[in-house]
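Engineer: Next up is a structure, given as structure tokens.
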Amino acid sequence: MANIQPVKVSNADADTANTLNAVKSKLGMVPNLIATFAHSKPVLDSYLQFSENLTSGLLTAKQREMIALAVAQVNLCRYCLSAHTMLAKVSGLTESEIERARIGGAIEAIDDLIVSFAKKIVVSRSMLDPDTLEDLRAKGLTDALIIEVIANVIINMMTNYTNNIADTVVDFPLVNL
């Protein structure tokens, strides 16, 4: 049982219920994480908008999923590992690529750079060696990509922390830590 129960559409105020129904229309369900965020309409709206905005950036869907997997693994978030494993498969990642991403790596050089950087941000609590950015730039990451990796780490930290604290019930095929 969750430490923070998800909001039921039937118990939500009209504005929140409309948002949850829009999520259900788009995804076919209201994931427990989204329903948990619904306790605070500003948090729910901010998360959904931030998430949507990140899809129009430079990072591909596969790269965003690799970041999500690496961050969830470091933070031991079973909910996000389960959700993003499913989403990673939908985005075209293979089982092998999913396993690599979980440990902070990838097959393609640019993807490996992105995912290992994301993991490094979490593990170091963003306290990076001064040469890290120059090294990333020398290997092909632009400042725009660096900023997008940071943003994707942040949104995944938000979901990981929420799920770990709320003990959100996993409503995706379960993945073990």
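Residues are referred to by chain and number: the chain letter is A, B, ... according to the order shown in the structure tokens, the number counts from 1 in that chain, and ligands are numbered separately from 1 in the order shown.
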Could you pull out all residues of region 1-63 of chain A with a DSSP call of helix (DSSP H, G or I) and give them as a ChimeraX atom specification?
Structural biologist: /A:9-11,14-27,32-37,41-54,61-63
Engineer: Please produce a file of those selected residues containing N, CA and C atoms, as a compact mmCIF listing (two decimals), in the first residue's frame.
Structural biologist:
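Just written: result_3.txt:
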# COMPACT_ATOMS: atom_id res chain seq x y z
N VAL A 9 -9.93 10.05 -9.84
CA VAL A 9 -10.60 11.06 -10.65
C VAL A 9 -11.94 11.44 -10.03
N SER A 10 -12.64 10.46 -9.52
CA SER A 10 -13.96 10.70 -8.93
C SER A 10 -13.90 11.57 -7.67
N ASN A 11 -12.75 11.64 -7.02
CA ASN A 11 -12.59 12.44 -5.81
C ASN A 11 -11.89 13.77 -6.06
N ALA A 14 -12.85 19.58 -10.12
CA ALA A 14 -13.17 19.55 -11.55
C ALA A 14 -11.94 19.80 -12.43
N ASP A 15 -11.13 20.77 -12.05
CA ASP A 15 -9.96 21.11 -12.86
C ASP A 15 -8.96 19.94 -12.88
N THR A 16 -8.70 19.38 -11.72
CA THR A 16 -7.77 18.25 -11.63
C THR A 16 -8.35 17.04 -12.35
N ALA A 17 -9.63 16.79 -12.20
CA ALA A 17 -10.29 15.67 -12.89
C ALA A 17 -10.17 15.82 -14.40
N ASN A 18 -10.34 17.04 -14.90
CA ASN A 18 -10.19 17.29 -16.34
C ASN A 18 -8.78 16.95 -16.81
N THR A 19 -7.78 17.35 -16.02
CA THR A 19 -6.39 17.04 -16.38
C THR A 19 -6.15 15.54 -16.35
N LEU A 20 -6.63 14.87 -15.32
CA LEU A 20 -6.45 13.41 -15.24
C LEU A 20 -7.17 12.69 -16.37
N ASN A 21 -8.34 13.17 -16.73
CA ASN A 21 -9.07 12.58 -17.86
C ASN A 21 -8.34 12.81 -19.18
N ALA A 22 -7.68 13.96 -19.32
CA ALA A 22 -6.88 14.22 -20.52
C ALA A 22 -5.69 13.26 -20.59
N VAL A 23 -5.07 13.00 -19.44
CA VAL A 23 -3.97 12.02 -19.38
C VAL A 23 -4.49 10.65 -19.78
N LYS A 24 -5.65 10.28 -19.25
CA LYS A 24 -6.23 8.97 -19.58
C LYS A 24 -6.54 8.87 -21.07
N SER A 25 -7.03 9.93 -21.66
CA SER A 25 -7.31 9.93 -23.10
C SER A 25 -6.03 9.74 -23.91
N LYS A 26 -4.96 10.35 -23.46
CA LYS A 26 -3.68 10.29 -24.19
C LYS A 26 -2.98 8.94 -23.99
N LEU A 27 -2.98 8.43 -22.75
CA LEU A 27 -2.21 7.23 -22.42
C LEU A 27 -3.04 5.96 -22.31
N ASN A 32 -0.27 5.72 -11.72
CA ASN A 32 -0.32 6.06 -10.29
C ASN A 32 0.58 7.25 -9.95
N LEU A 33 1.70 7.39 -10.63
CA LEU A 33 2.56 8.56 -10.38
C LEU A 33 1.81 9.85 -10.68
N ILE A 34 1.16 9.90 -11.83
CA ILE A 34 0.42 11.11 -12.22
C ILE A 34 -0.70 11.38 -11.22
N ALA A 35 -1.39 10.33 -10.81
CA ALA A 35 -2.47 10.48 -9.83
C ALA A 35 -1.93 10.91 -8.48
N THR A 36 -0.71 10.55 -8.17
CA THR A 36 -0.08 11.00 -6.92
C THR A 36 0.28 12.48 -7.02
N PHE A 37 0.83 12.89 -8.16
CA PHE A 37 1.11 14.32 -8.37
C PHE A 37 -0.17 15.15 -8.28
N LYS A 41 -2.23 20.46 -7.75
CA LYS A 41 -2.48 20.82 -9.15
C LYS A 41 -1.29 21.55 -9.77
N PRO A 42 -0.63 22.47 -9.05
CA PRO A 42 0.55 23.10 -9.64
C PRO A 42 1.67 22.09 -9.96
N VAL A 43 1.86 21.12 -9.10
CA VAL A 43 2.88 20.11 -9.37
C VAL A 43 2.47 19.26 -10.56
N LEU A 44 1.24 18.81 -10.58
CA LEU A 44 0.73 18.01 -11.70
C LEU A 44 0.90 18.76 -13.01
N ASP A 45 0.43 19.99 -13.07
CA ASP A 45 0.51 20.77 -14.30
C ASP A 45 1.97 21.04 -14.70
N SER A 46 2.80 21.36 -13.73
CA SER A 46 4.21 21.64 -14.02
C SER A 46 4.91 20.40 -14.57
N TYR A 47 4.66 19.26 -13.94
CA TYR A 47 5.27 18.02 -14.40
C TYR A 47 4.84 17.70 -15.84
N LEU A 48 3.56 17.77 -16.10
CA LEU A 48 3.05 17.44 -17.44
C LEU A 48 3.60 18.39 -18.49
N GLN A 49 3.66 19.67 -18.17
CA GLN A 49 4.17 20.66 -19.14
C GLN A 49 5.67 20.49 -19.34
N PHE A 50 6.41 20.30 -18.27
CA PHE A 50 7.87 20.11 -18.36
C PHE A 50 8.16 18.87 -19.19
N SER A 51 7.45 17.81 -18.91
CA SER A 51 7.60 16.55 -19.65
C SER A 51 7.35 16.77 -21.14
N GLU A 52 6.26 17.43 -21.44
CA GLU A 52 5.91 17.70 -22.84
C GLU A 52 6.95 18.57 -23.51
N ASN A 53 7.40 19.60 -22.83
CA ASN A 53 8.40 20.50 -23.40
C ASN A 53 9.70 19.77 -23.73
N LEU A 54 10.09 18.84 -22.89
CA LEU A 54 11.35 18.12 -23.13
C LEU A 54 11.29 17.24 -24.37
N ALA A 61 13.84 10.43 -28.24
CA ALA A 61 13.04 9.65 -27.28
C ALA A 61 13.89 8.55 -26.66
N LYS A 62 14.72 7.89 -27.46
CA LYS A 62 15.58 6.84 -26.94
C LYS A 62 16.57 7.39 -25.91
N GLN A 63 17.17 8.52 -26.23
CA GLN A 63 18.13 9.12 -25.29
C GLN A 63 17.45 9.53 -23.99
Engineer: Contacts of region 136-142 of chain A at 12 Å or less, counting only C-alpha atoms, minus same-chain residues fewer than 2 places along, as an MDAnalysis selection string?
Structural biologist: chainID A and resid 58:59 109:118 120 128:134 144:149
Engineer: Of the residues A:Leu174, A:Lys89, A:Thr168, A:Ile98, which is the one nearest to Leu69 (chain A), using only C-alpha atoms?
Structural biologist: A:Ile98
Engineer: Within 7 Å of Ala166 (chain A), counting only C-alpha atoms, which residues qualify if same-chain residues fewer than 5 places away don't, as a VMD selection string?
Structural biologist: chain A and resid 2 to 4
Engineer: Quick one: pull the distance between CA of Lys8 (chain A) and CA of Ser91 (chain A), Å, one decimal.
Structural biologist: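 These atoms are spaced 29.0 Å apart.
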Engineer: Tell me which protein, DNA and RNA residues are within 9 Å of Val175 (chain A), counting only C-alpha atoms, leaving out same-chain ones fewer than 6 positions away, and put them as a list in words.
Structural biologist: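 So, after excluding close chain neighbours, the residues are Arg78, Tyr79, Leu81, Ser82, Ala83 and Thr85 of chain A.
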Engineer: Closest to Val169 (chain A) among A:Ile107, A:Cys80, A:Val71, A:Ile155, using only C-alpha atoms?
Structural biologist: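 Closest residue, counting only C-alpha atoms: A:Cys80.
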Engineer: One number please: CA of Ser40 (chain A) to CA of Asn164 (chain A), in Å, one decimal.
Structural biologist: 17.4 Å
